[in-house]
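Here is the file work.txt (compact mmCIF, C-alpha atoms).
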# COMPACT_ATOMS: atom_id res chain seq x y z
CA MET A 1209 -12.93 -13.92 -6.58
CA THR A 1210 -10.31 -16.63 -6.71
CA ARG A 1211 -10.72 -18.67 -3.57
CA ARG A 1212 -7.77 -19.83 -1.56
CA PRO A 1213 -8.20 -23.10 0.21
CA GLY A 1214 -8.46 -19.60 2.36
CA GLY A 1215 8.10 18.03 -6.70
CA SER A 1216 6.95 17.45 -10.18
CA SER A 1217 3.29 16.96 -10.93
CA HIS A 1218 1.97 13.52 -11.68
CA PRO A 1219 0.21 12.89 -14.98
CA ARG A 1220 -3.56 13.17 -14.86
CA PRO A 1221 -4.99 9.64 -14.72
CA ALA A 1222 -6.40 8.39 -18.00
CA GLY A 1223 -10.16 8.16 -17.83
CA HIS A 1224 -10.16 10.30 -14.68
CA GLY A 1225 -13.48 12.01 -14.14
CA ASP A 1226 -14.72 11.20 -17.64
CA ARG A 1227 -17.93 9.33 -18.37
CA THR A 1228 -19.87 8.65 -21.51
CA ALA A 1229 -23.63 9.04 -21.63
CA ASP A 1230 -24.17 5.40 -20.67
CA GLY A 1231 -22.02 5.76 -17.55
CA ARG A 1232 -19.01 3.96 -18.96
CA GLY A 1233 -15.48 5.17 -18.29
CA ALA A 1234 -13.50 7.06 -20.87
CA THR A 1235 -11.44 3.95 -21.56
CA GLY A 1236 -14.58 2.09 -22.60
CA GLY A 1237 -14.72 -0.18 -19.55
CA PRO A 1238 -17.54 -0.14 -17.02
CA ARG A 1239 -17.35 2.58 -14.41
CA ALA A 1240 -16.31 0.94 -11.15
CA SER A 1241 -18.91 1.10 -8.41
CA ARG A 1242 -18.00 2.77 -5.13
CA PRO A 1243 -18.73 0.49 -2.18
CA ALA A 1244 -19.42 2.44 1.00
CA HIS A 1245 -17.15 1.94 3.99
CA GLY A 1246 -17.89 -1.35 5.68
CA HIS A 1247 -20.43 -2.40 3.04
CA VAL A 1248 -18.50 -4.76 0.78
CA ALA A 1249 -21.30 -7.26 0.41
CA ASP A 1250 -19.52 -9.76 -1.85
CA ARG A 1251 -18.11 -12.36 0.53
CA ASP A 1252 -15.27 -13.49 -1.75
CA LEU A 1253 -14.24 -9.88 -2.41
CA ARG A 1254 -14.30 -9.10 1.29
CA ARG A 1255 -12.15 -12.16 2.08
CA TRP A 1256 -9.62 -11.07 -0.52
CA LEU A 1257 -9.52 -7.54 0.84
CA ALA A 1258 -9.04 -8.83 4.39
CA ASP A 1259 -6.16 -11.14 3.40
CA SER A 1260 -2.85 -9.99 4.87
CA THR A 1261 -0.76 -11.04 1.86
CA PRO A 1262 -0.36 -7.37 0.74
CA VAL A 1263 1.53 -6.71 4.00
CA ALA A 1264 4.53 -8.25 2.21
CA ALA A 1265 4.41 -5.35 -0.23
CA GLY A 1266 4.10 -2.64 2.42
CA GLY A 1267 7.73 -1.60 2.09
CA ARG A 1268 7.40 -1.42 -1.69
CA ALA A 1269 4.38 0.88 -1.36
CA ILE A 1270 6.29 3.23 0.95
CA LEU A 1271 9.31 3.38 -1.37
CA LEU A 1272 7.05 4.15 -4.31
CA GLN A 1273 5.26 6.87 -2.33
CA ILE A 1274 8.42 8.64 -1.23
CA ALA A 1275 9.84 8.57 -4.76
CA ASP A 1276 7.62 11.64 -5.11
CA PRO A 1277 9.86 14.40 -3.70
CA VAL A 1278 6.96 16.25 -2.04
CA VAL A 1279 5.81 13.10 -0.24
CA ALA A 1280 9.39 12.28 0.78
CA ALA A 1281 9.95 15.78 2.18
CA GLY A 1282 6.76 15.59 4.23
CA VAL A 1283 7.58 12.16 5.64
CA ARG A 1284 11.18 13.12 6.42
CA ARG A 1285 10.23 16.30 8.27
CA HIS A 1286 7.12 15.15 10.10
CA SER A 1287 7.62 11.44 10.87
CA ASP A 1288 9.72 9.79 13.56
CA PHE A 1289 11.01 7.33 11.01
CA ALA A 1290 14.49 6.92 12.45
CA ARG A 1291 13.24 5.66 15.81
CA ARG A 1292 10.00 3.92 14.81
CA PRO A 1293 10.14 2.99 11.12
CA GLN A 1294 7.73 0.08 11.59
CA GLN A 1295 5.11 2.44 13.00
CA ARG A 1296 4.41 4.09 9.63
CA LEU A 1297 3.80 0.69 8.04
CA ALA A 1298 1.50 -0.33 10.90
CA HIS A 1299 -0.45 2.93 10.67
CA THR A 1300 -0.74 2.58 6.89
CA LEU A 1301 -2.12 -0.93 7.31
CA MET A 1302 -4.57 0.25 9.99
CA PHE A 1303 -5.82 2.91 7.60
CA VAL A 1304 -6.23 0.49 4.68
CA TYR A 1305 -8.06 -2.16 6.71
CA ALA A 1306 -10.29 0.42 8.40
CA VAL A 1307 -11.35 2.08 5.17
CA VAL A 1308 -11.64 -1.00 2.95
CA ILE A 1309 -13.15 -3.64 5.26
CA GLY A 1310 -14.01 -1.76 8.44
CA THR A 1311 -17.22 -0.21 9.66
CA GLU A 1312 -18.21 3.40 9.16
CA THR A 1313 -16.80 4.10 12.62
CA ASP A 1314 -13.51 2.39 11.78
CA ALA A 1315 -13.18 4.44 8.60
CA ALA A 1316 -14.00 7.68 10.41
CA VAL A 1317 -11.41 7.03 13.14
CA ALA A 1318 -8.71 6.13 10.61
CA THR A 1319 -9.48 9.16 8.46
CA ALA A 1320 -9.34 11.44 11.52
CA PHE A 1321 -5.86 10.10 12.34
CA VAL A 1322 -4.69 10.78 8.80
CA ASP A 1323 -6.16 14.28 8.81
CA ARG A 1324 -4.40 15.02 12.11
CA ALA A 1325 -1.08 13.70 10.83
CA HIS A 1326 -1.34 15.62 7.55
CA ARG A 1327 -2.37 18.95 9.06
CA PRO A 1328 1.18 20.36 9.44
CA VAL A 1329 2.58 18.73 6.29
CA GLU A 1330 3.09 20.93 3.24
CA GLY A 1331 1.52 19.36 0.16
CA ALA A 1332 -0.40 16.77 2.15
CA ASP A 1333 -3.72 17.86 0.64
CA ASP A 1334 -2.42 17.90 -2.92
CA VAL A 1335 -4.80 15.69 -4.89
CA ASP A 1336 -2.13 14.35 -7.25
CA ARG A 1337 0.06 13.26 -4.35
CA GLN A 1338 -2.76 11.62 -2.43
CA ARG A 1339 -3.98 9.84 -5.56
CA TRP A 1340 -0.44 8.53 -6.00
CA VAL A 1341 -0.35 7.27 -2.40
CA ALA A 1342 -3.64 5.42 -2.90
CA ALA A 1343 -2.46 4.07 -6.26
CA THR A 1344 0.68 2.57 -4.71
CA LEU A 1345 -1.49 0.70 -2.20
CA PHE A 1346 -3.68 -0.84 -4.89
CA ASP A 1347 -0.79 -1.74 -7.18
CA SER A 1348 1.27 -3.20 -4.33
CA ALA A 1349 -1.66 -5.33 -3.13
CA ARG A 1350 -2.18 -6.59 -6.67
CA ARG A 1351 1.53 -7.31 -7.09
CA ALA A 1352 1.76 -9.12 -3.72
CA HIS A 1353 -1.02 -11.49 -4.69
CA GLU A 1354 0.60 -12.14 -8.06
CA LEU A 1355 3.83 -13.15 -6.36
CA PHE A 1356 2.72 -14.79 -3.13
CA GLY A 1357 -0.97 -15.59 -3.25
CA ASP A 1358 -3.93 -15.67 -5.58
CA PRO A 1359 -3.49 -13.56 -8.73
CA LEU A 1360 -6.51 -11.49 -9.66
CA SER A 1361 -8.53 -12.33 -12.73
CA PRO A 1362 -9.31 -9.30 -14.93
CA ASP A 1363 -12.88 -9.09 -13.59
CA ASP A 1364 -11.71 -9.40 -9.99
CA ALA A 1365 -9.08 -6.72 -10.52
CA GLU A 1366 -11.84 -4.30 -11.54
CA ARG A 1367 -13.78 -5.07 -8.36
CA VAL A 1368 -10.74 -4.65 -6.13
CA LEU A 1369 -9.86 -1.37 -7.83
CA ALA A 1370 -13.38 -0.11 -7.06
CA ALA A 1371 -13.09 -1.32 -3.46
CA TYR A 1372 -9.91 0.76 -3.07
CA ALA A 1373 -11.72 3.94 -4.15
CA PRO A 1374 -12.62 4.88 -0.53
CA ILE A 1375 -8.90 4.96 0.29
CA ALA A 1376 -8.46 7.73 -2.26
CA THR A 1377 -11.56 9.66 -1.17
CA SER A 1378 -10.51 9.37 2.49
CA LEU A 1379 -7.28 11.07 1.42
CA ARG A 1380 -9.40 13.90 -0.05
CA VAL A 1381 -9.20 12.81 -3.66
CA PRO A 1382 -12.53 13.76 -5.28
CA ALA A 1383 -14.95 10.89 -5.83
CA ASP A 1384 -14.45 11.11 -9.59
CA GLY A 1385 -10.69 11.32 -9.15
CA TRP A 1386 -10.19 7.57 -8.85
CA PHE A 1387 -10.04 5.31 -11.89
CA ALA A 1388 -12.81 4.16 -14.18
CA SER A 1389 -11.10 0.86 -14.94
CA VAL A 1390 -7.90 -1.11 -14.45
CA ALA A 1391 -6.95 -0.08 -17.99
CA SER A 1392 -7.10 3.61 -17.03
CA PHE A 1393 -5.17 2.85 -13.83
CA ASP A 1394 -2.44 1.08 -15.80
CA VAL A 1395 -2.13 4.02 -18.21
CA TYR A 1396 -1.74 6.38 -15.24
CA TRP A 1397 0.75 4.04 -13.55
CA GLY A 1398 2.91 3.72 -16.64
CA ALA A 1399 2.91 7.48 -17.18
CA THR A 1400 3.68 8.32 -13.54
CA LEU A 1401 6.63 6.01 -12.89
CA PRO A 1402 9.02 7.94 -15.21
CA SER A 1403 8.09 11.21 -13.45
CA LEU A 1404 9.33 10.01 -10.05
CA HIS A 1405 12.57 11.37 -8.62
CA VAL A 1406 14.43 9.82 -5.70
CA THR A 1407 15.84 12.55 -3.44
CA ASP A 1408 18.18 12.53 -0.45
CA ASP A 1409 15.06 12.74 1.74
CA ALA A 1410 13.81 9.50 0.22
CA ARG A 1411 17.18 7.78 0.60
CA GLY A 1412 17.33 8.80 4.26
CA ILE A 1413 13.86 7.36 4.88
CA VAL A 1414 14.89 4.13 3.17
CA ARG A 1415 17.94 3.79 5.42
CA ASP A 1416 15.73 4.17 8.48
CA LEU A 1417 13.09 1.81 7.10
CA LEU A 1418 15.30 -1.03 5.86
CA HIS A 1419 18.11 -0.72 8.42
CA PRO A 1420 16.29 0.26 11.64
CA ARG A 1421 18.62 0.97 14.53
CA PHE A 1422 16.04 1.28 17.28
CA ALA A 1423 13.43 -1.30 16.24
CA PRO A 1424 12.60 -4.28 18.45
CA LEU A 1425 14.83 -7.34 18.04
CA TRP A 1426 12.17 -9.33 16.19
CA VAL A 1427 11.85 -6.55 13.61
CA ARG A 1428 15.60 -6.35 13.07
CA THR A 1429 15.77 -10.14 12.79
CA ALA A 1430 13.17 -10.09 10.00
CA MET A 1431 14.80 -7.26 8.08
CA PRO A 1432 17.03 -9.33 5.71
CA LEU A 1433 13.87 -11.02 4.41
CA VAL A 1434 12.00 -7.70 4.28
CA ARG A 1435 14.83 -6.05 2.37
CA ILE A 1436 15.06 -8.68 -0.36
CA VAL A 1437 11.27 -8.71 -0.84
CA THR A 1438 10.96 -4.91 -0.83
CA VAL A 1439 13.84 -4.26 -3.21
CA GLY A 1440 12.91 -7.17 -5.47
CA MET A 1441 9.35 -5.91 -5.91
CA LEU A 1442 10.39 -2.42 -7.05
CA PRO A 1443 10.26 -1.43 -10.72
CA ASP A 1444 13.75 -1.77 -12.22
CA ALA A 1445 14.26 1.94 -12.85
CA LEU A 1446 13.27 2.89 -9.32
CA ARG A 1447 15.51 0.22 -7.83
CA THR A 1448 18.41 1.76 -9.74
CA ALA A 1449 17.43 5.29 -8.68
CA TYR A 1450 17.57 4.27 -5.02
CA GLY A 1451 21.03 2.81 -5.60
CA PHE A 1452 20.24 -0.76 -4.59
CA ALA A 1453 22.70 -3.37 -5.75
CA TRP A 1454 20.85 -5.85 -7.92
CA GLY A 1455 22.38 -8.58 -10.03
CA PRO A 1456 22.00 -12.31 -10.69
CA ARG A 1457 22.78 -13.22 -7.06
CA GLU A 1458 20.12 -10.87 -5.67
CA GLN A 1459 17.63 -12.04 -8.28
CA ARG A 1460 18.20 -15.68 -7.23
CA ARG A 1461 17.72 -14.76 -3.58
CA PHE A 1462 14.52 -12.98 -4.45
CA ARG A 1463 13.15 -15.95 -6.39
CA ARG A 1464 14.00 -18.32 -3.53
CA THR A 1465 12.36 -15.97 -1.02
CA VAL A 1466 9.20 -15.68 -3.10
CA ALA A 1467 9.02 -19.48 -3.36
CA LEU A 1468 9.48 -19.80 0.41
CA VAL A 1469 6.79 -17.24 1.20
CA ARG A 1470 4.39 -18.95 -1.21
CA ARG A 1471 4.99 -22.32 0.46
CA VAL A 1472 4.51 -20.92 3.95
CA ARG A 1473 1.39 -19.03 2.91
CA SER A 1474 -0.11 -22.18 1.41
CA LEU A 1475 0.09 -23.84 4.83
CA VAL A 1476 -1.53 -20.98 6.76
CA PRO A 1477 -5.31 -21.26 7.24
CA GLY A 1478 -7.40 -18.55 5.61
CA TRP A 1479 -8.68 -17.29 8.97
CA ALA A 1480 -5.09 -16.72 10.12
CA LEU A 1481 -4.25 -14.77 6.97
CA ARG A 1482 -7.21 -12.52 7.74
CA LEU A 1483 -6.35 -12.09 11.44
CA PRO A 1484 -4.01 -9.05 11.21
CA GLY A 1485 -6.87 -6.80 10.04
CA PRO A 1486 -9.08 -7.17 13.14
CA LEU A 1487 -6.01 -6.98 15.41
CA LEU A 1488 -4.86 -3.74 13.81
CA LEU A 1489 -8.36 -2.26 14.02
CA ARG A 1490 -8.50 -3.07 17.74
CA ALA A 1491 -5.11 -1.44 18.21
CA MET A 1492 -6.35 1.63 16.32
CA HIS A 1493 -9.35 1.99 18.61
CA ARG A 1494 -7.13 1.63 21.69
CA ILE A 1495 -4.96 4.48 20.38
CA ALA A 1496 -8.08 6.55 19.66
CA ALA A 1497 -9.33 5.97 23.20
CA ARG A 1498 -6.04 7.25 24.62
CA TYR A 1499 -6.30 10.40 22.50
CA ALA A 1500 -9.88 10.89 23.69
CA HIS A 1501 -8.70 11.00 27.30

Could you take the file, read its structure, and then write that structure out as structure tokens?
Amino acid sequence: MTRRPGGSSHPRPAGHGDRTADGRGATGGPRASRPAHGHVADRDLRRWLADSTPVAAGGRAILLQIADPVVAAGVRRHSDFARRPQQRLAHTLMFVYAVVIGTETDAAVATAFVDRAHRPVEGADDVDRQRWVAATLFDSARRAHELFGDPLSPDDAERVLAAYAPIATSLRVPADGWFASVASFDVYWGATLPSLHVTDDARGIVRDLLHPRFAPLWVRTAMPLVRIVTVGMLPDALRTAYGFAWGPREQRRFRRTVALVRRVRSLVPGWALRLPGPLLLRAMHRIAARYAH
């Protein structure tokens, strides 16, 4: 790994579930290994996975997810987004950290929370939708590091893609339903983006997410920065579909914001960049303890 001094149906993913006799993926690349929860042995890979840089792309991931009308309808009807929009992002991050870098217990607790939340939601167990949710998390993490941190080399991208496989399987995607290679992921990604459709449900969620009325003051204070980063990271067509104004002035603001975040990140020690993960996992276990009583 690069070291830092610290509803319509989705297309079937290319290479999905297909292996040749020598165990290689259908795209010709090596079949990604599936690290078990909490057993990412490669220290550099684990440090990259624990880095909080992808938090900057959390809003982008949510907007991509809800551009699927079935996902948007489920979120709109079963989430308290208007009053606690930041909670969904925090819970998503808890889930990712628990499954990717946590222990077996962490992963089990996070998966139980997701199962409980999805139980009343129509379409929540649809494999195509859950694969899409997991895919947005991988692509947004990759994109965040390209913009703000340490871009992945091709070999490292393959290893990170494999490390994200447990996210998909925790969302009930079959083990062979993840991607054999980054090449197969990119084919799927390029084929899926044109199939997305932004609905009124999605636009309502975006209003609550990017213009929170009931969020704490510190959240509302940070929102101008969050908005420019979130909107700027979206694919062009999706940005247009959501109706965001975007011209030369917004593009300049985005470039300046990216440069600022990169500078600030370069000054933050690696241990501090990895601190949100353990803090979120502790918070998750506190919530679990309250449910247990």

Considering all atoms listed in the file, tabulate each residue of range 1372-1449 of chain A that lies at most 8 Å from range 1267-1273 of chain A along with its nearest interatomic pair and the corresponding distance in Å to one decimal; arrange the rows by chain and ascending residue number and present them as a Markdown table.
| residue | atom | partner | partner_atom | distance |
| --- | --- | --- | --- | --- |
| A:Ala1410 | CA | A:Leu1271 | CA | 7.8 |
| A:Val1414 | CA | A:Leu1271 | CA | 7.2 |
| A:Val1434 | CA | A:Gly1267 | CA | 7.8 |
| A:Thr1438 | CA | A:Arg1268 | CA | 5.1 |
| A:Val1439 | CA | A:Arg1268 | CA | 7.2 |
| A:Met1441 | CA | A:Arg1268 | CA | 6.5 |
| A:Leu1442 | CA | A:Arg1268 | CA | 6.2 |

Practice item. Find the residues near Pro1402 in chain A: any atom within 10 Å, counting only C-alpha atoms, skip ones fewer than 4 places away on the same chain, and give them as a VMD selection string. Key: chain A and resid 1218 1397 to 1398 1445 to 1446

Output C-alpha atoms of each residue in that selection to a file, as a PDB file, in the coordinates of the input.
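The resulting file, selection-v4.pdb, is reproduced below:
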ATOM      1  CA  HIS A1218       1.970  13.520 -11.680  1.00  0.00           C
ATOM      2  CA  TRP A1397       0.750   4.040 -13.550  1.00  0.00           C
ATOM      3  CA  GLY A1398       2.910   3.720 -16.640  1.00  0.00           C
ATOM      4  CA  ALA A1445      14.260   1.940 -12.850  1.00  0.00           C
ATOM      5  CA  LEU A1446      13.270   2.890  -9.320  1.00  0.00           C
TER       6      LEU A1446
END

Revision key, fill the gap. Restricting to only C-alpha atoms, whichever of A:Leu1481, A:Ala1325, A:Leu1489, A:Val1406 is closest to Val1283 in chain A is A:Ala1325

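Among A:Asp1416, A:Asp1408, A:Glu1354, A:Asp1333, the residue with the shortest atom-to-atom distance to Thr1261 in chain A, counting only C-alpha atoms, is A:Glu1354.
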
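Of the residues under consideration (A:Ala1365, A:Ala1383, A:Leu1297, A:Val1279), A:Leu1297 shows the shortest atom-to-atom contact distance to Leu1418 in chain A when counting all atoms listed in the file.
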
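Separating CA of Ser1389 in chain A from CA of Pro1359 in chain A is a distance of 17.4 Å.
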
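The closest residue to Thr1377 in chain A, picked from A:Gln1338, A:Thr1465, A:Thr1344, A:Ser1260 and counting all atoms listed in the file, is A:Gln1338.
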
Check your understanding: Suppose you want the space between CA of Arg1411 in chain A and CA of Ala1453 in chain A; what is it in Å?
Key -> 14.0 Å

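Around Ala1491 in chain A, within 12 Å and counting all atoms listed in the file, the residues found are Ala1298, His1299, Leu1301, Met1302, Phe1303, Tyr1305, Ala1306, Asp1314, Val1317, Ala1318, Pro1484, Gly1485, Pro1486, Leu1487, Leu1488, Leu1489, His1493, Arg1494, Ile1495, Ala1496, Ala1497 and Arg1498 of chain A, once anything fewer than 2 positions away on its own chain is removed.
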